[in-house]
Amino acid sequence: MKDILWLARRTLIATFRKKSSWIMFILLPVAGILVSMMIYGGGTGGTLRVGIVNEDGDSRITKDTLSFIQGMEQAEVTVLDEESMKQKIAASELDTGVILEKGFADSVRSGHPEGLTLVSLKGAQVTAYLKSMLNNYVDNIAAIGLSAGADQTVFDKIYNGYSQKSFGMDASVVEDTSKAKNMTYQSLGFLIAFMMFSACNLTELIIKEKENRTFLRILTSPISARNYVLSNVMVNILLVMLQIALTLFMLKQVFGINSGIPAGELVLALMLYGLAAISLSLVIVAFAKNSGMAGALQNLIITPTCLLAGCYFPVDIMPDSVRKIAAFLPQHWLLQTVDDLQNGTAFGQLYLNLFILLAFAAAFAFIAIYRFSRNNDTRTFV
Amino acid sequence: MNVLEIHELTRKFGDFVAVDNMNLKVREGEIFGFLGPNGAGKSTTINMISSLLRITKGEILLLGKNITKHSRFAKMNIGIVPQDLAIYEEMTAYENIYFFAGLYGLRGNELKERTAEALEFVGLSDRAKELPKNFSGGMKRRLNIACAIAHKPKLIIMDEPTVGIDPQSRNYILNSVRKLNEMGSTIIYTSHYMEEVEEICSRIAIVDHGKLIAEGTKEQLKSSITDTKDIWISYKSEQPLDTERIRQIPGVTQVLDDEQEQLLRVWSKAEINNLNLILQQLIQNQVEIRSVDEKAATLETVFLTLTGRNLRD
Ligand SMILES: Nc1ncnc2c1ncn2[C@@H]1O[C@H](COP(=O)(O)OP(=O)(O)OP(=O)(O)O)[C@@H](O)[C@H]1O
Ligand SMILES: [Mg+2]
């Protein structure tokens with residue numbers, strides 16, 4: 001342990017002596033938050049552009065549902081047909097679409113609502129509040145319908161009282177958290193991409209030290225190769241924790257963005273992901289023959305997988321087949337966890353996600369260890 | 001007492017035998033010269049002594065203890081000065097030594113003292129706070145040595161510590177090797193410069209093709225080859241010499257032509273009188289001869305005779 005700490009001490013000092021490290025470990029995650037704020041904070045001024053397709057004619061419930069959406073403070077509603085709605089969503093002219101299918105009003109009236117579909121390309125988090133508001137609204141009417149039974153006058157009476165309530169206030173509050181959620185999601189997307197890059201950067205030190213032969217000098221001392229790698233991993237974990245803490249602190253305390261996620265659970269998920277990132281970087285280093293190759297592998301692996309998993313923009317834009325690949329990427333499972341946490345899925349149900357992240361970390365670590373133990377004997381020192 | 005004993009040491013790379021059944025003893029207080037042409041297996045041997053390479057067969061004892069079984073003990077008592085620099089360019093000279101000495105468990109004041117001592121020893125005290133980036137080749141080599149000696153090892157192994165540096169640094173290093181030795185360290189010294197080895201080493205081993213082919217003091221080695229003579233011919237010629245012709249003269253074993261110095265060296269069997277033939281050959285080629293001298297046997301002669309190769313090709 002004394003050995004490991006001594007090595008770790010040097011690595012830390014050498015790392016933070018380089019300006020590039022400060023950029024990599026500190027500046028980039030913060031820049032990620034700023035970029036996310038620019039994407040989701042400004043521009044459309046927080047309005048949610050909703051397209052509505054009405055296939056259910058103009059019964060009262062349908063019309064009220066329409067005006068309910070229109071009445072939401074930040075919603076900017078266009079009524080149009082399904083085809084052009086999909087086009088506009090694809091072209092980012094609309095954020096989300098609502099389809100009221102034929103028979104919607106009747107099904108609500110009868111107490112078993114169906115035929116309400118939400119379409120969105122921006123990821124569930126964009127429409128989460130709209131969805132929850134709508135569900136709430138429709139469920140309430142359905143409940144009235146259920147309790148009124150077949151008696152139309154009873155229904156009308158309760159319904160009149162109900163529909164006069166204003167939802168404006170509620171909607172605007174929810175709108176704000178949704179924006180914050182988007183910013184959080186995007187910031188975390190950037191963060192986990194940077195985490196992977198910085199983990200690789202630090203692990204690459206092993207190769208660099210092999211190249212400048214200090215690694216072999218270290219091995220002629222009573223330090224074992226295993227402890228040497230462990231010290232690198234230890235520093236890496238430390239820096240990952242630092243990045244996570246810094247990003248979450250900046251998000252909440254400095255930029256005042258409420259992630260809408262319990263902090264402890266988010267940190268746990270991010271830590272597990274961090275372990276996976278570190279193990280992956282070990283795999284890269286174990287297979288690379290020199291630092292040039294490690295750099296190339298790093299770019300070849302990290303950038304595309306981060307794209308696929310949706311670190312840089314929501315994955316919903318991509319075709320289904322591509323999205324399936326994302327299931328094989330740790331980044332996907334971290335973002336999935338964030339998404340689930342934001343949408344209020346109970347933490348217990350997230351065990352699977354977390355377990356998968358842990359499994360990624362373990363699998364990568366095993367591959368790296370196996371590989372390290374095999375190319376033990378090709379060292380040349382003198 | 002033997003600081004190092006190597007018994008029937010063998011190392012194979014696949015089917016290739018890099019070190020072949022080698023036996024060697026280095027006594028306490030020696031400066032031991034370890035010589036051999038390129039690919040002889042010197043580095044492979046040193047790598048096994050320093051536990052960087054696994055031993056295929058045989059055993060190495062350091063101060064009587066098997067280095068595989070007592071790996072920590074062995075590593076604590078050995079200091080390796082690698083042929084290629086192994087220092088951190090982005091850390092100061094002081095920090096380099098401080099870090100590497102710390103690997104041996106030194107801490108606190110003791111570590112600081114040892115670091116300062118090592119710096120002083122290689123004459124870098126006034127450059128302690130500078131980065132090796134800005135050092136000359138010779139200074140880097142000196143730092144490379146300092147990093148290996150701060151923990152005061154019993155055995156110091158130096159692989160070509162003077163390669164490619166200015167004469168001043170070189171003298172400095174040779175002197176410090178002697179000083180280290182006087183202070184109680186046993187030293188194994190590898191070099192391609194025969195004069196150096198002749199100057200500082202008390203005993204010498206010559207290896208070739210992974211095998212030990214000679215071992216002894218300079219005098220012992222030299223007396224073993226009294227049947228060879230070493231002829232130095234200083235000449236003047238615009239054209240390069242045709243050494244192949246000279247090599248074919250009966251008795252000649254090796255020819256070396258230093259074009260810059262305009263000096264031709266011919267090794268030949270002592271009992272054959274062929275000087276006339278050699279000179280005739282040169283004169284026929286319009287070479288102006290300035291002086292001819294027959295030298296006493298040198299280590300170089302020993303080496304050439306035994307290995308048939310020059311150390312510096
Ligand atoms: N890892 C390895 N794999 C295969 N062959 C090797 C390996 N290391 C060394 N060799 C071979 O073993 C032989 C001895 O090499 P070694 O480096 O010990 O020679 P050396 O005496 O140090 O030579 P030099 O004076 O050039 O440094 C060489 O033929 C070399 O090619
Ligand atoms: Mg060598």
# chains A, B, ... in the order shown; residues from 1 in each chain; ligands from 1
$ closest_atom_pairs --of "chain A" --to "chain B" --cutoff "6 Å" --atoms "only C-alpha atoms" --output "Markdown table"
| residue | atom | partner | partner_atom | distance |
| --- | --- | --- | --- | --- |
| A:Asn212 | CA | B:Ala86 | CA | 5.9 |
| A:Arg213 | CA | B:Ala86 | CA | 4.9 |
| A:Thr214 | CA | B:Ala86 | CA | 4.8 |
| A:Thr220 | CA | B:Ser50 | CA | 5.7 |
| A:Ser221 | CA | B:Lys75 | CA | 5.5 |
| A:Pro222 | CA | B:Arg72 | CA | 5.4 |
| A:Val382 | CA | B:Pro82 | CA | 4.9 |
$ write_last_selection --atoms "all heavy atoms" --output "PDB file, in the first residue's frame"
ATOM      1  N   ASN A 212       9.303   5.695 -22.093  1.00  0.00           N
ATOM      2  CA  ASN A 212      10.485   6.401 -21.584  1.00  0.00           C
ATOM      3  C   ASN A 212      11.249   5.557 -20.558  1.00  0.00           C
ATOM      4  O   ASN A 212      12.143   6.045 -19.885  1.00  0.00           O
ATOM      5  CB  ASN A 212      10.128   7.801 -21.062  1.00  0.00           C
ATOM      6  CG  ASN A 212       9.358   7.762 -19.757  1.00  0.00           C
ATOM      7  OD1 ASN A 212       9.313   6.757 -19.055  1.00  0.00           O
ATOM      8  ND2 ASN A 212       8.750   8.872 -19.397  1.00  0.00           N
ATOM      9  N   ARG A 213      10.864   4.307 -20.463  1.00  0.00           N
ATOM     10  CA  ARG A 213      11.570   3.281 -19.684  1.00  0.00           C
ATOM     11  C   ARG A 213      11.545   3.479 -18.179  1.00  0.00           C
ATOM     12  O   ARG A 213      12.118   2.690 -17.438  1.00  0.00           O
ATOM     13  CB  ARG A 213      13.018   3.124 -20.168  1.00  0.00           C
ATOM     14  CG  ARG A 213      13.132   2.461 -21.521  1.00  0.00           C
ATOM     15  CD  ARG A 213      14.521   2.575 -22.048  1.00  0.00           C
ATOM     16  NE  ARG A 213      14.921   3.955 -22.152  1.00  0.00           N
ATOM     17  CZ  ARG A 213      14.631   4.735 -23.180  1.00  0.00           C
ATOM     18  NH1 ARG A 213      13.979   4.248 -24.207  1.00  0.00           N
ATOM     19  NH2 ARG A 213      14.998   5.998 -23.200  1.00  0.00           N
ATOM     20  N   THR A 214      10.872   4.545 -17.705  1.00  0.00           N
ATOM     21  CA  THR A 214      10.798   4.700 -16.258  1.00  0.00           C
ATOM     22  C   THR A 214      10.019   3.540 -15.639  1.00  0.00           C
ATOM     23  O   THR A 214      10.270   3.154 -14.506  1.00  0.00           O
ATOM     24  CB  THR A 214      10.114   6.027 -15.888  1.00  0.00           C
ATOM     25  OG1 THR A 214       8.933   6.152 -16.665  1.00  0.00           O
ATOM     26  CG2 THR A 214      11.038   7.188 -16.192  1.00  0.00           C
ATOM     27  N   THR A 220      12.531  -2.536 -11.464  1.00  0.00           N
ATOM     28  CA  THR A 220      13.756  -3.058 -10.857  1.00  0.00           C
ATOM     29  C   THR A 220      13.785  -2.746  -9.360  1.00  0.00           C
ATOM     30  O   THR A 220      14.599  -3.291  -8.636  1.00  0.00           O
ATOM     31  CB  THR A 220      15.038  -2.473 -11.496  1.00  0.00           C
ATOM     32  OG1 THR A 220      15.049  -1.064 -11.304  1.00  0.00           O
ATOM     33  CG2 THR A 220      15.113  -2.787 -12.971  1.00  0.00           C
ATOM     34  N   SER A 221      12.904  -1.874  -8.919  1.00  0.00           N
ATOM     35  CA  SER A 221      12.786  -1.613  -7.485  1.00  0.00           C
ATOM     36  C   SER A 221      11.802  -2.639  -6.907  1.00  0.00           C
ATOM     37  O   SER A 221      11.202  -3.398  -7.651  1.00  0.00           O
ATOM     38  CB  SER A 221      12.272  -0.190  -7.263  1.00  0.00           C
ATOM     39  OG  SER A 221      10.875  -0.162  -7.426  1.00  0.00           O
ATOM     40  N   PRO A 222      11.623  -2.656  -5.593  1.00  0.00           N
ATOM     41  CA  PRO A 222      10.729  -3.683  -5.030  1.00  0.00           C
ATOM     42  C   PRO A 222       9.253  -3.507  -5.382  1.00  0.00           C
ATOM     43  O   PRO A 222       8.410  -4.144  -4.775  1.00  0.00           O
ATOM     44  CB  PRO A 222      10.941  -3.538  -3.513  1.00  0.00           C
ATOM     45  CG  PRO A 222      12.211  -2.815  -3.355  1.00  0.00           C
ATOM     46  CD  PRO A 222      12.336  -1.930  -4.536  1.00  0.00           C
ATOM     47  N   VAL A 382      17.663  -2.846 -20.668  1.00  0.00           N
ATOM     48  CA  VAL A 382      19.025  -2.352 -20.854  1.00  0.00           C
ATOM     49  C   VAL A 382      19.398  -2.327 -22.336  1.00  0.00           C
ATOM     50  O   VAL A 382      18.923  -3.137 -23.085  1.00  0.00           O
ATOM     51  CB  VAL A 382      20.014  -3.244 -20.099  1.00  0.00           C
ATOM     52  CG1 VAL A 382      21.275  -2.452 -19.805  1.00  0.00           C
ATOM     53  CG2 VAL A 382      19.407  -3.734 -18.824  1.00  0.00           C
TER      54      VAL A 382
END
$ residues_around --residues "range 247-249 of chain A" --least-positions-apart "5" --cutoff "9 Å" --atoms "only C-alpha atoms" --output "list in words"
Ile26, Pro29, Val30, Gly32, Ile33, Ser187, Leu188, Leu191, Leu242, Val254, Phe255, Ser259, Ala263 and Val267 of chain A
$ residues_around --residues "Asp257 in chain B" --least-positions-apart "3" --cutoff "12 Å" --atoms "only C-alpha atoms" --output "ChimeraX atom specification"
/B:231-235,237,240-244,246-247,254,260-267,310
$ closest_residue --among "B:Glu59, B:Glu198, B:Asp230, B:Glu5" --to "Lys218 in chain B" --atoms "only C-alpha atoms"
B:Glu198
$ atom_distance --atom1 "CA of Leu180 in chain B" --atom2 "CA of Glu117 in chain B"
12.0 Å
$ select_by_dssp --residues "range 11-90 of chain A" --states "helix (DSSP H, G or I)" --output "PyMOL selection string"
chain A and resi 11-17+19-41+60-71+82-90
$ atom_distance --atom1 "CA of Lys63 in chain A" --atom2 "CA of Lys88 in chain A"
22.9 Å
$ select_by_dssp --residues "range 31-267 of chain B" --states "strand (DSSP E or B)" --output "count of residues only"
60
$ residues_around --residues "Leu277 in chain B" --least-positions-apart "6" --cutoff "10 Å" --atoms "only C-alpha atoms" --output "short mmCIF file (atom, residue, chain, number, x, y, z; two decimals) with all heavy atoms, in the first residue's frame"
data_model
loop_
_atom_site.label_atom_id
_atom_site.label_comp_id
_atom_site.auth_asym_id
_atom_site.auth_seq_id
_atom_site.Cartn_x
_atom_site.Cartn_y
_atom_site.Cartn_z
N ILE B 246 44.58 -7.19 -47.56
CA ILE B 246 45.47 -7.37 -46.42
C ILE B 246 44.99 -8.52 -45.54
O ILE B 246 45.77 -9.32 -45.04
CB ILE B 246 45.55 -6.06 -45.61
CG1 ILE B 246 46.15 -4.97 -46.50
CG2 ILE B 246 46.37 -6.23 -44.34
CD1 ILE B 246 46.09 -3.59 -45.94
N ILE B 249 46.30 -11.91 -46.43
CA ILE B 249 47.71 -12.25 -46.22
C ILE B 249 47.82 -13.30 -45.11
O ILE B 249 47.15 -13.19 -44.09
CB ILE B 249 48.50 -10.97 -45.85
CG1 ILE B 249 48.50 -10.02 -47.05
CG2 ILE B 249 49.92 -11.31 -45.40
CD1 ILE B 249 49.06 -8.66 -46.75
N PRO B 250 48.61 -14.32 -45.30
CA PRO B 250 48.72 -15.40 -44.32
C PRO B 250 49.06 -14.88 -42.92
O PRO B 250 49.91 -13.99 -42.79
CB PRO B 250 49.87 -16.26 -44.86
CG PRO B 250 49.98 -15.94 -46.31
CD PRO B 250 49.47 -14.56 -46.49
N ILE B 283 52.07 -0.33 -50.35
CA ILE B 283 52.88 0.48 -51.26
C ILE B 283 52.40 0.30 -52.70
O ILE B 283 52.30 1.26 -53.47
CB ILE B 283 54.37 0.11 -51.12
CG1 ILE B 283 54.86 0.58 -49.73
CG2 ILE B 283 55.21 0.78 -52.21
CD1 ILE B 283 56.14 -0.08 -49.29
#
$ closest_atom_pairs --of "chain B" --to "ligand 1" --cutoff "10 Å" --atoms "only C-alpha atoms and all ligand atoms" --output "tab-separated table"
residue	atom	partner	partner_atom_place_in_ligand_line	distance
B:Arg11	CA	ligand 1	12 (O)	8.7
B:Lys12	CA	ligand 1	5 (N)	8.0
B:Phe13	CA	ligand 1	4 (C)	4.9
B:Gly14	CA	ligand 1	4 (C)	7.4
B:Asp15	CA	ligand 1	4 (C)	9.4
B:Phe16	CA	ligand 1	5 (N)	7.1
B:Val17	CA	ligand 1	12 (O)	7.2
B:Ala18	CA	ligand 1	12 (O)	4.3
B:Val19	CA	ligand 1	14 (C)	7.2
B:Phe34	CA	ligand 1	21 (O)	9.4
B:Leu35	CA	ligand 1	21 (O)	8.0
B:Gly36	CA	ligand 1	21 (O)	5.9
B:Pro37	CA	ligand 1	25 (O)	5.5
B:Asn38	CA	ligand 1	26 (O)	3.5
B:Gly39	CA	ligand 1	19 (O)	3.3
B:Ala40	CA	ligand 1	21 (O)	3.7
B:Gly41	CA	ligand 1	18 (O)	3.1
B:Lys42	CA	ligand 1	21 (O)	3.7
B:Ser43	CA	ligand 1	22 (O)	3.6
B:Thr44	CA	ligand 1	18 (O)	3.7
B:Thr45	CA	ligand 1	18 (O)	6.4
B:Ile46	CA	ligand 1	18 (O)	7.9
B:Asn47	CA	ligand 1	18 (O)	8.3
B:Met48	CA	ligand 1	18 (O)	10.0
B:Leu53	CA	ligand 1	1 (N)	8.8
B:Gln83	CA	ligand 1	27 (O)	8.4
B:Asp159	CA	ligand 1	27 (O)	8.5
B:Glu160	CA	ligand 1	27 (O)	8.8
B:Thr190	CA	ligand 1	25 (O)	8.8
B:Ser191	CA	ligand 1	25 (O)	8.5
B:His192	CA	ligand 1	25 (O)	7.8
B:Val207	CA	ligand 1	21 (O)	8.0
B:Asp208	CA	ligand 1	21 (O)	7.8
B:His209	CA	ligand 1	14 (C)	7.6
B:Gly210	CA	ligand 1	14 (C)	7.0
B:Leu311	CA	ligand 1	25 (O)	8.4
B:Arg312	CA	ligand 1	25 (O)	9.1
B:Asp313	CA	ligand 1	26 (O)	9.9
$ atom_distance --atom1 "CA of Tyr162 in chain A" --atom2 "CA of Val50 in chain A"
24.0 Å
$ closest_residue --among "A:Gln331, A:Met293, A:Ile301, A:Gly344" --to "Ser132 in chain A" --atoms "only C-alpha atoms"
A:Gly344
$ residues_around --residues "Glu55 in chain A" --least-positions-apart "4" --cutoff "9 Å" --atoms "only C-alpha atoms" --output "list in words"
Asp81, Ile99, Leu100, Glu101, Lys102, Gly103 and Phe104 of chain A
$ write_last_selection --atoms "all heavy atoms" --output "PDB file, in the first residue's frame"
ATOM      1  N   ASP A  81     -51.573  17.445 -39.855  1.00  0.00           N
ATOM      2  CA  ASP A  81     -51.791  16.017 -40.087  1.00  0.00           C
ATOM      3  C   ASP A  81     -50.538  15.227 -39.710  1.00  0.00           C
ATOM      4  O   ASP A  81     -49.453  15.781 -39.539  1.00  0.00           O
ATOM      5  CB  ASP A  81     -52.177  15.753 -41.546  1.00  0.00           C
ATOM      6  CG  ASP A  81     -51.058  16.094 -42.483  1.00  0.00           C
ATOM      7  OD1 ASP A  81     -50.902  17.310 -42.791  1.00  0.00           O
ATOM      8  OD2 ASP A  81     -50.312  15.175 -42.879  1.00  0.00           O
ATOM      9  N   ILE A  99     -50.918  12.692 -30.771  1.00  0.00           N
ATOM     10  CA  ILE A  99     -51.924  12.174 -31.704  1.00  0.00           C
ATOM     11  C   ILE A  99     -53.155  11.739 -30.908  1.00  0.00           C
ATOM     12  O   ILE A  99     -53.058  10.911 -29.992  1.00  0.00           O
ATOM     13  CB  ILE A  99     -51.375  10.972 -32.502  1.00  0.00           C
ATOM     14  CG1 ILE A  99     -50.118  11.388 -33.296  1.00  0.00           C
ATOM     15  CG2 ILE A  99     -52.445  10.448 -33.468  1.00  0.00           C
ATOM     16  CD1 ILE A  99     -49.427  10.221 -33.967  1.00  0.00           C
ATOM     17  N   LEU A 100     -54.289  12.350 -31.235  1.00  0.00           N
ATOM     18  CA  LEU A 100     -55.554  11.927 -30.630  1.00  0.00           C
ATOM     19  C   LEU A 100     -56.251  11.045 -31.647  1.00  0.00           C
ATOM     20  O   LEU A 100     -56.766  11.527 -32.652  1.00  0.00           O
ATOM     21  CB  LEU A 100     -56.406  13.153 -30.282  1.00  0.00           C
ATOM     22  CG  LEU A 100     -55.730  14.165 -29.340  1.00  0.00           C
ATOM     23  CD1 LEU A 100     -56.592  15.422 -29.195  1.00  0.00           C
ATOM     24  CD2 LEU A 100     -55.468  13.532 -27.986  1.00  0.00           C
ATOM     25  N   GLU A 101     -56.205   9.745 -31.382  1.00  0.00           N
ATOM     26  CA  GLU A 101     -56.768   8.817 -32.363  1.00  0.00           C
ATOM     27  C   GLU A 101     -58.280   8.791 -32.297  1.00  0.00           C
ATOM     28  O   GLU A 101     -58.881   9.211 -31.305  1.00  0.00           O
ATOM     29  CB  GLU A 101     -56.202   7.408 -32.104  1.00  0.00           C
ATOM     30  CG  GLU A 101     -54.794   7.255 -32.629  1.00  0.00           C
ATOM     31  CD  GLU A 101     -54.102   6.064 -32.001  1.00  0.00           C
ATOM     32  OE1 GLU A 101     -54.795   5.091 -31.661  1.00  0.00           O
ATOM     33  OE2 GLU A 101     -52.868   6.130 -31.828  1.00  0.00           O
ATOM     34  N   LYS A 102     -58.861   8.265 -33.365  1.00  0.00           N
ATOM     35  CA  LYS A 102     -60.315   8.167 -33.421  1.00  0.00           C
ATOM     36  C   LYS A 102     -60.807   7.320 -32.257  1.00  0.00           C
ATOM     37  O   LYS A 102     -60.243   6.282 -31.925  1.00  0.00           O
ATOM     38  CB  LYS A 102     -60.720   7.516 -34.762  1.00  0.00           C
ATOM     39  CG  LYS A 102     -62.194   7.493 -35.019  1.00  0.00           C
ATOM     40  CD  LYS A 102     -62.523   7.809 -36.486  1.00  0.00           C
ATOM     41  CE  LYS A 102     -64.006   8.077 -36.677  1.00  0.00           C
ATOM     42  NZ  LYS A 102     -64.444   9.257 -35.901  1.00  0.00           N
ATOM     43  N   GLY A 103     -61.829   7.803 -31.607  1.00  0.00           N
ATOM     44  CA  GLY A 103     -62.383   7.065 -30.484  1.00  0.00           C
ATOM     45  C   GLY A 103     -61.781   7.461 -29.161  1.00  0.00           C
ATOM     46  O   GLY A 103     -62.131   6.914 -28.118  1.00  0.00           O
ATOM     47  N   PHE A 104     -60.887   8.428 -29.168  1.00  0.00           N
ATOM     48  CA  PHE A 104     -60.218   8.865 -27.936  1.00  0.00           C
ATOM     49  C   PHE A 104     -61.227   9.379 -26.903  1.00  0.00           C
ATOM     50  O   PHE A 104     -61.255   8.929 -25.761  1.00  0.00           O
ATOM     51  CB  PHE A 104     -59.176   9.938 -28.277  1.00  0.00           C
ATOM     52  CG  PHE A 104     -58.723  10.748 -27.098  1.00  0.00           C
ATOM     53  CD1 PHE A 104     -57.882  10.167 -26.151  1.00  0.00           C
ATOM     54  CD2 PHE A 104     -59.125  12.071 -26.918  1.00  0.00           C
ATOM     55  CE1 PHE A 104     -57.457  10.902 -25.051  1.00  0.00           C
ATOM     56  CE2 PHE A 104     -58.703  12.803 -25.821  1.00  0.00           C
ATOM     57  CZ  PHE A 104     -57.862  12.216 -24.877  1.00  0.00           C
TER      58      PHE A 104
END
$ residues_around --residues "Met183 in chain A" --least-positions-apart "2" --cutoff "7 Å" --atoms "only C-alpha atoms" --output "VMD selection string"
chain A and resid 36 to 37 40 179 to 181 185 to 187
$ residues_around --residues "Gln281 in chain B" --least-positions-apart "5" --cutoff "9 Å" --atoms "only C-alpha atoms" --output "PyMOL selection string"
chain B and resi 245-246+276+287
$ write_last_selection --atoms "C-alpha atoms" --output "mmCIF file, in the first residue's frame"
data_model
loop_
_atom_site.group_PDB
_atom_site.id
_atom_site.type_symbol
_atom_site.label_atom_id
_atom_site.label_comp_id
_atom_site.auth_asym_id
_atom_site.auth_seq_id
_atom_site.Cartn_x
_atom_site.Cartn_y
_atom_site.Cartn_z
ATOM 1 C CA ARG B 245 43.591 -7.799 -49.683
ATOM 2 C CA ILE B 246 45.468 -7.370 -46.415
ATOM 3 C CA ASN B 276 56.807 -7.258 -45.412
ATOM 4 C CA VAL B 287 49.775 4.422 -49.910
#
$ closest_residue --among "A:Leu358, A:Ala269, A:Val98, A:Ile61" --to "Thr78 in chain A" --atoms "only C-alpha atoms"
A:Val98
$ closest_residue --among "A:Leu202, A:Leu335, A:Ala309, A:Leu80" --to "Thr184 in chain A" --atoms "only C-alpha atoms"
A:Leu335
$ closest_residue --among "B:Leu256, B:Ala150, B:Val163, B:Val292" --to "ligand 2" --atoms "only C-alpha atoms and all ligand atoms"
B:Val163
$ closest_residue --among "B:Gly108, B:Pro132, B:Gly58, B:Pro161" --to "ligand 2" --atoms "only C-alpha atoms and all ligand atoms"
B:Pro161
